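**Student:** input_11.pdb (PDB, C-alpha atoms, pLDDT in the B column) pasted underneath:
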```pdb
MODEL        1
ATOM      1  CA  ASP X   1     -13.649  -3.952  -1.901  1.00 96.00           C
ATOM      2  CA  ILE X   2     -13.434  -2.529   1.596  1.00 97.00           C
ATOM      3  CA  GLN X   3     -10.380  -0.351   2.143  1.00 98.00           C
ATOM      4  CA  LEU X   4      -8.803  -0.075   5.582  1.00 98.00           C
ATOM      5  CA  THR X   5      -6.752   3.010   6.399  1.00 98.00           C
ATOM      6  CA  GLN X   6      -4.483   2.825   9.406  1.00 98.00           C
ATOM      7  CA  SER X   7      -2.998   5.842  11.140  1.00 97.00           C
ATOM      8  CA  PRO X   8      -0.384   6.680  11.919  1.00 98.00           C
ATOM      9  CA  SER X   9       1.829   4.548   9.683  1.00 98.00           C
ATOM     10  CA  PHE X  10       4.686   4.991  12.126  1.00 98.00           C
ATOM     11  CA  LEU X  11       4.876   5.998  15.740  1.00 97.00           C
ATOM     12  CA  SER X  12       7.646   6.365  18.264  1.00 98.00           C
ATOM     13  CA  ALA X  13       6.777   6.410  21.945  1.00 98.00           C
ATOM     14  CA  SER X  14       8.435   5.944  25.302  1.00 98.00           C
ATOM     15  CA  VAL X  15       8.176   2.913  27.528  1.00 98.00           C
ATOM     16  CA  GLY X  16       5.073   3.301  29.665  1.00 98.00           C
ATOM     17  CA  ASP X  17       3.265   5.566  27.194  1.00 98.00           C
ATOM     18  CA  ARG X  18      -0.314   4.982  26.127  1.00 98.00           C
ATOM     19  CA  VAL X  19      -0.391   4.285  22.404  1.00 98.00           C
ATOM     20  CA  THR X  20      -3.437   4.401  20.122  1.00 98.00           C
ATOM     21  CA  ILE X  21      -3.664   3.174  16.541  1.00 98.00           C
ATOM     22  CA  THR X  22      -6.687   3.914  14.384  1.00 98.00           C
ATOM     23  CA  CYS X  23      -8.179   1.834  11.586  1.00 98.00           C
ATOM     24  CA  ARG X  24     -10.884   3.335   9.381  1.00 98.00           C
ATOM     25  CA  ALA X  25     -12.976   1.270   6.991  1.00 98.00           C
ATOM     26  CA  SER X  26     -14.299   2.617   3.705  1.00 98.00           C
ATOM     27  CA  GLN X  27     -17.727   1.224   4.576  1.00 98.00           C
ATOM     28  CA  GLY X  28     -19.400  -0.203   7.643  1.00 97.00           C
ATOM     29  CA  ILE X  29     -18.081  -3.557   8.810  1.00 97.00           C
ATOM     30  CA  SER X  30     -20.008  -3.925  12.074  1.00 96.00           C
ATOM     31  CA  SER X  31     -17.496  -5.477  14.502  1.00 96.00           C
ATOM     32  CA  TYR X  32     -15.817  -7.795  12.012  1.00 97.00           C
ATOM     33  CA  LEU X  33     -12.343  -6.500  12.675  1.00 98.00           C
ATOM     34  CA  ALA X  34      -9.197  -8.151  13.969  1.00 98.00           C
ATOM     35  CA  TRP X  35      -5.828  -6.780  15.024  1.00 98.00           C
ATOM     36  CA  TYR X  36      -2.516  -8.551  14.534  1.00 98.00           C
ATOM     37  CA  GLN X  37       1.019  -7.936  15.756  1.00 98.00           C
ATOM     38  CA  GLN X  38       3.971  -8.813  13.567  1.00 98.00           C
ATOM     39  CA  LYS X  39       7.526  -8.735  14.837  1.00 98.00           C
ATOM     40  CA  PRO X  40      10.418  -8.601  12.339  1.00 95.00           C
ATOM     41  CA  GLY X  41      10.957 -11.911  10.600  1.00 94.00           C
ATOM     42  CA  LYS X  42       7.997 -13.536  12.315  1.00 97.00           C
ATOM     43  CA  ALA X  43       4.462 -14.502  11.379  1.00 98.00           C
ATOM     44  CA  PRO X  44       1.593 -12.265  12.464  1.00 98.00           C
ATOM     45  CA  LYS X  45      -0.020 -12.972  15.819  1.00 98.00           C
ATOM     46  CA  LEU X  46      -3.698 -12.437  16.595  1.00 98.00           C
ATOM     47  CA  LEU X  47      -4.253  -9.857  19.342  1.00 98.00           C
ATOM     48  CA  ILE X  48      -7.911  -8.822  19.127  1.00 98.00           C
ATOM     49  CA  TYR X  49     -10.922 -10.229  17.297  1.00 97.00           C
ATOM     50  CA  ALA X  50     -14.495  -9.035  16.919  1.00 96.00           C
ATOM     51  CA  ALA X  51     -13.106  -5.512  17.362  1.00 97.00           C
ATOM     52  CA  SER X  52     -12.732  -5.721  21.128  1.00 97.00           C
ATOM     53  CA  THR X  53     -12.226  -9.316  22.299  1.00 97.00           C
ATOM     54  CA  LEU X  54      -8.756 -10.069  23.580  1.00 97.00           C
ATOM     55  CA  GLN X  55      -7.260 -13.278  22.222  1.00 96.00           C
ATOM     56  CA  SER X  56      -6.296 -15.791  24.889  1.00 95.00           C
ATOM     57  CA  GLY X  57      -2.782 -15.234  26.216  1.00 97.00           C
ATOM     58  CA  VAL X  58      -2.477 -11.650  24.990  1.00 98.00           C
ATOM     59  CA  PRO X  59      -1.467  -9.178  27.727  1.00 98.00           C
ATOM     60  CA  SER X  60      -4.287  -7.070  29.101  1.00 98.00           C
ATOM     61  CA  ARG X  61      -2.470  -3.829  28.221  1.00 98.00           C
ATOM     62  CA  PHE X  62      -3.810  -4.398  24.700  1.00 98.00           C
ATOM     63  CA  SER X  63      -7.402  -3.413  24.018  1.00 98.00           C
ATOM     64  CA  GLY X  64      -9.598  -2.778  21.020  1.00 98.00           C
ATOM     65  CA  SER X  65     -12.716  -0.721  20.487  1.00 98.00           C
ATOM     66  CA  GLY X  66     -15.012   0.575  17.787  1.00 98.00           C
ATOM     67  CA  SER X  67     -17.658  -0.572  15.367  1.00 97.00           C
ATOM     68  CA  GLY X  68     -18.943   0.435  11.972  1.00 97.00           C
ATOM     69  CA  THR X  69     -16.129   2.314  10.280  1.00 98.00           C
ATOM     70  CA  GLU X  70     -13.770   3.453  13.037  1.00 98.00           C
ATOM     71  CA  PHE X  71     -11.693   1.238  15.283  1.00 98.00           C
ATOM     72  CA  THR X  72      -8.807   1.663  17.666  1.00 98.00           C
ATOM     73  CA  LEU X  73      -6.104  -0.518  19.132  1.00 98.00           C
ATOM     74  CA  THR X  74      -4.705   0.778  22.390  1.00 98.00           C
ATOM     75  CA  ILE X  75      -1.607  -0.267  24.277  1.00 98.00           C
ATOM     76  CA  SER X  76      -2.119   1.132  27.750  1.00 98.00           C
ATOM     77  CA  SER X  77       1.538   1.052  28.776  1.00 98.00           C
ATOM     78  CA  LEU X  78       4.038   0.463  25.979  1.00 98.00           C
ATOM     79  CA  GLN X  79       6.655  -2.191  26.707  1.00 98.00           C
ATOM     80  CA  PRO X  80       9.919  -2.907  24.844  1.00 97.00           C
ATOM     81  CA  GLU X  81       8.534  -6.226  23.618  1.00 97.00           C
ATOM     82  CA  ASP X  82       5.678  -4.372  21.879  1.00 98.00           C
ATOM     83  CA  VAL X  83       8.024  -3.101  19.158  1.00 98.00           C
ATOM     84  CA  ALA X  84       6.332  -4.473  16.056  1.00 98.00           C
ATOM     85  CA  THR X  85       4.081  -3.621  13.140  1.00 98.00           C
ATOM     86  CA  TYR X  86       0.352  -3.769  13.833  1.00 98.00           C
ATOM     87  CA  TYR X  87      -2.275  -4.584  11.215  1.00 98.00           C
ATOM     88  CA  CYS X  88      -6.035  -4.428  11.221  1.00 98.00           C
ATOM     89  CA  GLN X  89      -8.078  -6.821   9.074  1.00 98.00           C
ATOM     90  CA  GLN X  90     -11.721  -6.639   8.104  1.00 98.00           C
ATOM     91  CA  LEU X  91     -13.634  -9.921   7.950  1.00 96.00           C
ATOM     92  CA  ASN X  92     -17.025  -8.490   7.051  1.00 96.00           C
ATOM     93  CA  SER X  93     -16.975  -9.301   3.357  1.00 96.00           C
ATOM     94  CA  TYR X  94     -14.810 -10.817   0.670  1.00 97.00           C
ATOM     95  CA  PRO X  95     -12.176 -10.079  -0.309  1.00 97.00           C
ATOM     96  CA  LEU X  96     -10.880  -9.843   3.222  1.00 97.00           C
ATOM     97  CA  THR X  97      -8.477  -6.936   3.471  1.00 98.00           C
ATOM     98  CA  PHE X  98      -5.731  -5.640   5.740  1.00 98.00           C
ATOM     99  CA  GLY X  99      -4.776  -2.136   6.674  1.00 98.00           C
ATOM    100  CA  GLY X 100      -1.395  -0.859   5.602  1.00 98.00           C
ATOM    101  CA  GLY X 101       0.178  -1.360   9.008  1.00 98.00           C
ATOM    102  CA  THR X 102       1.504   0.790  11.843  1.00 98.00           C
ATOM    103  CA  LYS X 103       5.116   0.400  12.868  1.00 98.00           C
ATOM    104  CA  VAL X 104       5.675   1.027  16.565  1.00 98.00           C
ATOM    105  CA  GLU X 105       9.106   1.841  17.923  1.00 98.00           C
ATOM    106  CA  ILE X 106      10.506   2.844  21.300  1.00 97.00           C
ATOM    107  CA  LYS X 107      11.716   6.422  21.587  1.00 95.00           C
TER     108      LYS X 107
ATOM    109  CA  GLU K   1       0.093 -27.697  20.173  1.00 96.00           C
ATOM    110  CA  VAL K   2      -1.266 -26.198  16.983  1.00 97.00           C
ATOM    111  CA  GLN K   3       1.327 -26.144  14.208  1.00 98.00           C
ATOM    112  CA  LEU K   4       1.209 -24.996  10.619  1.00 98.00           C
ATOM    113  CA  VAL K   5       4.279 -25.608   8.486  1.00 98.00           C
ATOM    114  CA  GLU K   6       4.498 -24.263   4.951  1.00 98.00           C
ATOM    115  CA  SER K   7       6.798 -25.679   2.308  1.00 98.00           C
ATOM    116  CA  GLY K   8       7.433 -25.486  -1.411  1.00 98.00           C
ATOM    117  CA  GLY K   9       8.719 -21.944  -1.756  1.00 97.00           C
ATOM    118  CA  ASP K  10      11.343 -21.516  -4.435  1.00 97.00           C
ATOM    119  CA  LEU K  11      12.788 -19.343  -7.163  1.00 98.00           C
ATOM    120  CA  VAL K  12      10.658 -19.582 -10.304  1.00 98.00           C
ATOM    121  CA  GLN K  13      10.665 -17.755 -13.620  1.00 98.00           C
ATOM    122  CA  PRO K  14       7.838 -15.450 -14.670  1.00 98.00           C
ATOM    123  CA  GLY K  15       5.056 -17.465 -16.258  1.00 98.00           C
ATOM    124  CA  GLY K  16       6.000 -20.542 -14.285  1.00 98.00           C
ATOM    125  CA  SER K  17       4.112 -22.580 -11.719  1.00 98.00           C
ATOM    126  CA  LEU K  18       4.686 -23.607  -8.138  1.00 98.00           C
ATOM    127  CA  ARG K  19       2.762 -25.593  -5.556  1.00 98.00           C
ATOM    128  CA  LEU K  20       2.899 -24.659  -1.900  1.00 98.00           C
ATOM    129  CA  SER K  21       1.865 -26.937   0.912  1.00 98.00           C
ATOM    130  CA  CYS K  22       0.882 -26.361   4.509  1.00 98.00           C
ATOM    131  CA  ALA K  23       1.055 -29.260   6.974  1.00 98.00           C
ATOM    132  CA  ALA K  24      -1.274 -28.919   9.937  1.00 98.00           C
ATOM    133  CA  SER K  25      -1.083 -30.659  13.311  1.00 98.00           C
ATOM    134  CA  GLY K  26      -2.357 -30.313  16.854  1.00 98.00           C
ATOM    135  CA  PHE K  27      -5.995 -29.672  15.956  1.00 97.00           C
ATOM    136  CA  THR K  28      -8.887 -31.145  13.980  1.00 97.00           C
ATOM    137  CA  PHE K  29      -7.897 -29.783  10.585  1.00 97.00           C
ATOM    138  CA  SER K  30     -11.113 -30.814   8.863  1.00 96.00           C
ATOM    139  CA  ASP K  31     -13.182 -28.555  11.145  1.00 95.00           C
ATOM    140  CA  HIS K  32     -11.478 -25.342  10.072  1.00 96.00           C
ATOM    141  CA  CYS K  33     -11.546 -23.015   7.093  1.00 97.00           C
ATOM    142  CA  MET K  34      -8.018 -22.141   6.041  1.00 98.00           C
ATOM    143  CA  ASP K  35      -6.560 -18.989   4.517  1.00 98.00           C
ATOM    144  CA  TRP K  36      -3.480 -17.964   2.576  1.00 98.00           C
ATOM    145  CA  VAL K  37      -1.922 -14.564   3.216  1.00 98.00           C
ATOM    146  CA  ARG K  38       1.195 -13.200   1.559  1.00 98.00           C
ATOM    147  CA  GLN K  39       3.683 -10.451   2.268  1.00 98.00           C
ATOM    148  CA  ALA K  40       5.917  -8.959  -0.390  1.00 98.00           C
ATOM    149  CA  PRO K  41       9.415  -7.964   0.798  1.00 97.00           C
ATOM    150  CA  GLY K  42       9.176  -4.890   3.016  1.00 97.00           C
ATOM    151  CA  LYS K  43       5.439  -4.566   2.435  1.00 98.00           C
ATOM    152  CA  GLY K  44       2.214  -5.218   4.309  1.00 98.00           C
ATOM    153  CA  LEU K  45      -0.032  -8.237   4.503  1.00 98.00           C
ATOM    154  CA  GLU K  46      -2.244  -9.242   1.586  1.00 98.00           C
ATOM    155  CA  TRP K  47      -5.049 -11.788   1.995  1.00 98.00           C
ATOM    156  CA  ILE K  48      -5.179 -14.021  -1.059  1.00 97.00           C
ATOM    157  CA  GLY K  49      -7.785 -16.650  -0.350  1.00 98.00           C
ATOM    158  CA  ARG K  50      -9.828 -18.996   1.810  1.00 98.00           C
ATOM    159  CA  ILE K  51     -10.947 -22.586   1.453  1.00 98.00           C
ATOM    160  CA  ARG K  52     -13.861 -23.667   3.584  1.00 96.00           C
ATOM    161  CA  HIS K  53     -14.349 -27.040   5.241  1.00 95.00           C
ATOM    162  CA  LYS K  54     -16.302 -30.049   4.059  1.00 92.00           C
ATOM    163  CA  ALA K  55     -19.567 -28.846   5.605  1.00 92.00           C
ATOM    164  CA  ASP K  56     -19.370 -25.857   3.253  1.00 93.00           C
ATOM    165  CA  ARG K  57     -18.371 -28.095   0.360  1.00 95.00           C
ATOM    166  CA  TYR K  58     -14.779 -26.860   0.269  1.00 95.00           C
ATOM    167  CA  THR K  59     -15.842 -23.665  -1.458  1.00 97.00           C
ATOM    168  CA  THR K  60     -13.217 -21.012  -2.037  1.00 98.00           C
ATOM    169  CA  GLU K  61     -12.770 -17.252  -2.102  1.00 97.00           C
ATOM    170  CA  TYR K  62      -9.906 -15.454  -3.831  1.00 98.00           C
ATOM    171  CA  ALA K  63      -8.471 -11.989  -4.044  1.00 98.00           C
ATOM    172  CA  ALA K  64      -8.777 -10.405  -7.449  1.00 97.00           C
ATOM    173  CA  SER K  65      -4.990 -10.300  -7.792  1.00 98.00           C
ATOM    174  CA  VAL K  66      -4.756 -14.115  -7.898  1.00 98.00           C
ATOM    175  CA  LYS K  67      -8.183 -15.236  -9.080  1.00 98.00           C
ATOM    176  CA  GLY K  68      -7.913 -17.447 -12.149  1.00 97.00           C
ATOM    177  CA  ARG K  69      -4.203 -18.106 -11.556  1.00 98.00           C
ATOM    178  CA  PHE K  70      -4.077 -19.610  -8.052  1.00 98.00           C
ATOM    179  CA  ILE K  71      -6.033 -22.624  -6.858  1.00 98.00           C
ATOM    180  CA  MET K  72      -6.433 -23.656  -3.238  1.00 98.00           C
ATOM    181  CA  SER K  73      -7.124 -27.244  -2.252  1.00 98.00           C
ATOM    182  CA  ARG K  74      -6.991 -29.368   0.870  1.00 98.00           C
ATOM    183  CA  ASP K  75      -6.632 -33.003   1.816  1.00 98.00           C
ATOM    184  CA  ASP K  76      -8.311 -33.544   5.153  1.00 97.00           C
ATOM    185  CA  SER K  77      -7.081 -37.149   5.286  1.00 97.00           C
ATOM    186  CA  LYS K  78      -3.516 -35.832   5.327  1.00 98.00           C
ATOM    187  CA  ASN K  79      -4.146 -32.631   7.282  1.00 98.00           C
ATOM    188  CA  SER K  80      -2.699 -30.644   4.444  1.00 98.00           C
ATOM    189  CA  LEU K  81      -3.488 -27.471   2.540  1.00 98.00           C
ATOM    190  CA  HIS K  82      -2.167 -26.598  -0.905  1.00 98.00           C
ATOM    191  CA  LEU K  83      -1.804 -23.550  -3.087  1.00 98.00           C
ATOM    192  CA  GLN K  84      -1.245 -24.160  -6.781  1.00 98.00           C
ATOM    193  CA  MET K  85       0.208 -21.003  -8.309  1.00 98.00           C
ATOM    194  CA  ASN K  86       0.200 -20.665 -12.089  1.00 98.00           C
ATOM    195  CA  SER K  87       1.188 -17.909 -14.506  1.00 98.00           C
ATOM    196  CA  LEU K  88       3.417 -16.413 -11.858  1.00 98.00           C
ATOM    197  CA  ARG K  89       4.396 -12.761 -12.076  1.00 98.00           C
ATOM    198  CA  THR K  90       7.234 -10.835 -10.503  1.00 98.00           C
ATOM    199  CA  GLU K  91       4.680  -9.141  -8.248  1.00 98.00           C
ATOM    200  CA  ASP K  92       3.818 -12.538  -6.728  1.00 98.00           C
ATOM    201  CA  THR K  93       7.205 -12.512  -5.001  1.00 98.00           C
ATOM    202  CA  ALA K  94       6.399 -12.763  -1.300  1.00 98.00           C
ATOM    203  CA  VAL K  95       6.440 -14.824   1.834  1.00 98.00           C
ATOM    204  CA  TYR K  96       3.304 -16.985   1.788  1.00 98.00           C
ATOM    205  CA  TYR K  97       1.593 -17.850   5.055  1.00 98.00           C
ATOM    206  CA  CYS K  98      -1.146 -20.336   5.715  1.00 98.00           C
ATOM    207  CA  ALA K  99      -3.443 -19.456   8.589  1.00 98.00           C
ATOM    208  CA  ARG K 100      -6.295 -21.090  10.461  1.00 98.00           C
ATOM    209  CA  ARG K 101      -9.709 -19.471  10.721  1.00 96.00           C
ATOM    210  CA  VAL K 102     -11.183 -19.658  14.180  1.00 94.00           C
ATOM    211  CA  LEU K 103     -14.237 -21.807  14.760  1.00 89.00           C
ATOM    212  CA  GLY K 104     -17.566 -20.165  15.370  1.00 84.00           C
ATOM    213  CA  SER K 105     -19.399 -17.050  14.311  1.00 80.00           C
ATOM    214  CA  THR K 106     -16.586 -14.604  14.885  1.00 83.00           C
ATOM    215  CA  ASP K 107     -13.894 -14.495  12.244  1.00 90.00           C
ATOM    216  CA  SER K 108     -10.155 -14.090  12.557  1.00 96.00           C
ATOM    217  CA  LEU K 109      -6.967 -16.012  11.885  1.00 97.00           C
ATOM    218  CA  ASP K 110      -5.728 -17.427  15.154  1.00 96.00           C
ATOM    219  CA  TYR K 111      -2.734 -19.507  14.099  1.00 98.00           C
ATOM    220  CA  TRP K 112      -0.217 -18.839  11.350  1.00 98.00           C
ATOM    221  CA  GLY K 113       2.625 -20.804   9.856  1.00 98.00           C
ATOM    222  CA  GLN K 114       6.158 -19.425   9.674  1.00 98.00           C
ATOM    223  CA  GLY K 115       5.847 -18.727   5.946  1.00 98.00           C
ATOM    224  CA  THR K 116       7.596 -19.886   2.807  1.00 98.00           C
ATOM    225  CA  LEU K 117       9.349 -17.565   0.359  1.00 98.00           C
ATOM    226  CA  VAL K 118       8.382 -17.492  -3.293  1.00 98.00           C
ATOM    227  CA  THR K 119      10.640 -15.515  -5.610  1.00 98.00           C
ATOM    228  CA  VAL K 120       9.521 -14.885  -9.176  1.00 98.00           C
ATOM    229  CA  SER K 121      12.414 -13.665 -11.256  1.00 97.00           C
ATOM    230  CA  SER K 122      14.212 -14.384 -14.489  1.00 96.00           C
TER     231      SER K 122
ENDMDL
END
```
So that I can check it, write out the structure of this file as structure tokens.
**Tutor:**
Amino acid sequence: DIQLTQSPSFLSASVGDRVTITCRASQGISSYLAWYQQKPGKAPKLLIYAASTLQSGVPSRFSGSGSGTEFTLTISSLQPEDVATYYCQQLNSYPLTFGGGTKVEIK
Amino acid sequence: EVQLVESGGDLVQPGGSLRLSCAASGFTFSDHCMDWVRQAPGKGLEWIGRIRHKADRYTTEYAASVKGRFIMSRDDSKNSLHLQMNSLRTEDTAVYYCARRVLGSTDSLDYWGQGTLVTVSS
């Protein structure tokens, strides 16, 4: 199984800060990676697919990059509504797997 | 508007069975592969399985943690997805989400239901 390691597991940043979350895969997954945002008590929401393609309706301050084994999700200017837990998911091979999550809070 | 609505969550004893359903609307259900993802209380997301569409003969994939105990099925005539859970364990306690796989060559889950809570406890 492909393991996904997210870092950090928690981050606290100020409104307007640039925030970067990393997701590392235990083996190469090409660009078969998605990022999701989950707010407390809500279902996950797709932000990015194919490593770098922004899902329709998602604010442009979110971006994704990477291929192979290392990927990043960047929020260019953190907003209060971005408080959430972020998960990466690999869709290269079964079983599909998620990273452990990164909880983002406002400082 | 795409909607996915799960139902069937309940309190069940260890070793028991439960059947979850997911009602889909607002899109051509039969065109899409569908996934189940669960989340234990206070924990992260765990993918548990996928059922493909008719063109791929409704084949399934499962996570090792549920393989042999859980069975996914779908009824395209009723736009519904089901998860039959047998031999339930306390570690199966979670919110269960159904999610739609996007169409096309890229892969991701673009719509999710609100989830249904399954509690396995004596």
**Student:** Using the chain letters and numbers from the file, which residues does the ChimeraX specification (/K :<7) & /X grab, as a list in words?
**Tutor:**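 Going through the file, the ChimeraX specification (/K :<7) & /X ends up selecting Tyr32, Ala34, Lys42, Ala43, Pro44, Leu46, Tyr49, Ala50, Leu91, Pro95, Leu96, Thr97, Phe98, Gly100 and Gly101 of chain X.
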**Student:** Take atom CA of Cys22 of chain K and atom CA of Arg100 of chain K and report the distance between them in Å, one decimal.
**Tutor:**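 Computing the Euclidean distance for atom CA of Cys22 of chain K and atom CA of Arg100 of chain K yields 10.7 Å.
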**Student:** Using only C-alpha atoms, determine which residues lie at most 10 Å from Leu4 of chain X, disregarding the query and same-chain residues fewer than 3 positions distant; provide the list as JSON, numbers by chain.
**Tutor:** {"X": [1, 7, 22, 23, 24, 25, 26, 27, 69, 70, 87, 88, 89, 90, 97, 98, 99, 100, 101]}
**Student:** Residues near Val83 of chain X, anyone? I mean within 7 Å using only C-alpha atoms, not counting same-chain ones fewer than 3 positions away, as number ranges by chain.
**Tutor:** X: 80, 104-106
**Student:** Rounded to one decimal, what separation in Å do you get between atom CA of Tyr36 of chain X and atom CA of Ser14 of chain X?
**Tutor:**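 Spanning atom CA of Tyr36 of chain X to atom CA of Ser14 of chain X is a straight-line distance of 21.1 Å.
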**Student:** With all atoms listed in the file as the atoms that count, which of K:Leu81, K:Val12, K:Leu103, K:Val2 lies nearest to Trp36 of chain K?
**Tutor:** K:Leu81
**Student:** Separation of atom CA of Gly9 of chain K and atom CA of Arg52 of chain K, in Å?
**Tutor:**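 Spanning atom CA of Gly9 of chain K to atom CA of Arg52 of chain K is a straight-line distance of 23.3 Å.
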**Student:** Using only C-alpha atoms, determine which residues lie at most 12 Å from Lys54 of chain K, disregarding the query and same-chain residues fewer than 4 positions distant; provide the list as a PyMOL selection string.
**Tutor:** chain K and resi 29-34+58-60+73-77
**Student:** I need the output of the PyMOL selection byres ((chain X and resi 21) around 9) for this file as a PyMOL selection string; which residues are they?
**Tutor:** chain X and resi 6-9+19-20+22-23+71-75+86+102
**Student:** Please identify all polymer residues within 10 Å of Leu117 of chain K, counting all atoms listed in the file, omitting same-chain residues fewer than 3 positions from it, and present them as an mmCIF file with C-alpha atoms, keeping the file's coordinate frame.
**Tutor:**
```
data_model
loop_
_atom_site.group_PDB
_atom_site.id
_atom_site.type_symbol
_atom_site.label_atom_id
_atom_site.label_comp_id
_atom_site.auth_asym_id
_atom_site.auth_seq_id
_atom_site.Cartn_x
_atom_site.Cartn_y
_atom_site.Cartn_z
ATOM 1 C CA GLU K 6 4.498 -24.263 4.951
ATOM 2 C CA SER K 7 6.798 -25.679 2.308
ATOM 3 C CA GLY K 8 7.433 -25.486 -1.411
ATOM 4 C CA GLY K 9 8.719 -21.944 -1.756
ATOM 5 C CA ASP K 10 11.343 -21.516 -4.435
ATOM 6 C CA LEU K 11 12.788 -19.343 -7.163
ATOM 7 C CA LEU K 20 2.899 -24.659 -1.900
ATOM 8 C CA ARG K 38 1.195 -13.200 1.559
ATOM 9 C CA GLN K 39 3.683 -10.451 2.268
ATOM 10 C CA ALA K 40 5.917 -8.959 -0.390
ATOM 11 C CA PRO K 41 9.415 -7.964 0.798
ATOM 12 C CA THR K 93 7.205 -12.512 -5.001
ATOM 13 C CA ALA K 94 6.399 -12.763 -1.300
ATOM 14 C CA VAL K 95 6.440 -14.824 1.834
ATOM 15 C CA TYR K 96 3.304 -16.985 1.788
ATOM 16 C CA TYR K 97 1.593 -17.850 5.055
ATOM 17 C CA VAL K 120 9.521 -14.885 -9.176
#
```
**Student:** Hey, what's within 10 Å of Ser17 of chain K if we count all atoms listed in the file and toss same-chain stuff fewer than 6 positions away? As a list in words, please?
**Tutor:** Arg69, Phe70, Gln84, Met85, Asn86, Ser87, Leu88, Arg89 and Val120 of chain K
**Student:** Just write the chosen residues, C-alpha atoms, as a PDB file, in the frame of the given file.
**Tutor:**
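Okay, again-v1.pdb is ready:
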```pdb
ATOM      1  CA  ARG K  69      -4.203 -18.106 -11.556  1.00 98.00           C
ATOM      2  CA  PHE K  70      -4.077 -19.610  -8.052  1.00 98.00           C
ATOM      3  CA  GLN K  84      -1.245 -24.160  -6.781  1.00 98.00           C
ATOM      4  CA  MET K  85       0.208 -21.003  -8.309  1.00 98.00           C
ATOM      5  CA  ASN K  86       0.200 -20.665 -12.089  1.00 98.00           C
ATOM      6  CA  SER K  87       1.188 -17.909 -14.506  1.00 98.00           C
ATOM      7  CA  LEU K  88       3.417 -16.413 -11.858  1.00 98.00           C
ATOM      8  CA  ARG K  89       4.396 -12.761 -12.076  1.00 98.00           C
ATOM      9  CA  VAL K 120       9.521 -14.885  -9.176  1.00 98.00           C
TER      10      VAL K 120
END
```
**Student:** Could you check which of X:Lys45, X:Arg18, X:Lys39, X:Lys107 is closest to Ser63 of chain X, using all atoms listed in the file?
**Tutor:**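 Using all atoms listed in the file, Ser63 of chain X sits closest to X:Arg18.
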**Student:** Taking all listed atoms of segment 75-88 of chain X, build the axis-aligned box, pad each of the six sides by 8 Å, then write its centre and edge lengths in Å to one decimal as JSON.
**Tutor:**
```
{"center_x": 1.9, "center_y": -2.5, "center_z": 20.0, "size_x": 32.0, "size_y": 23.4, "size_z": 33.6}
```
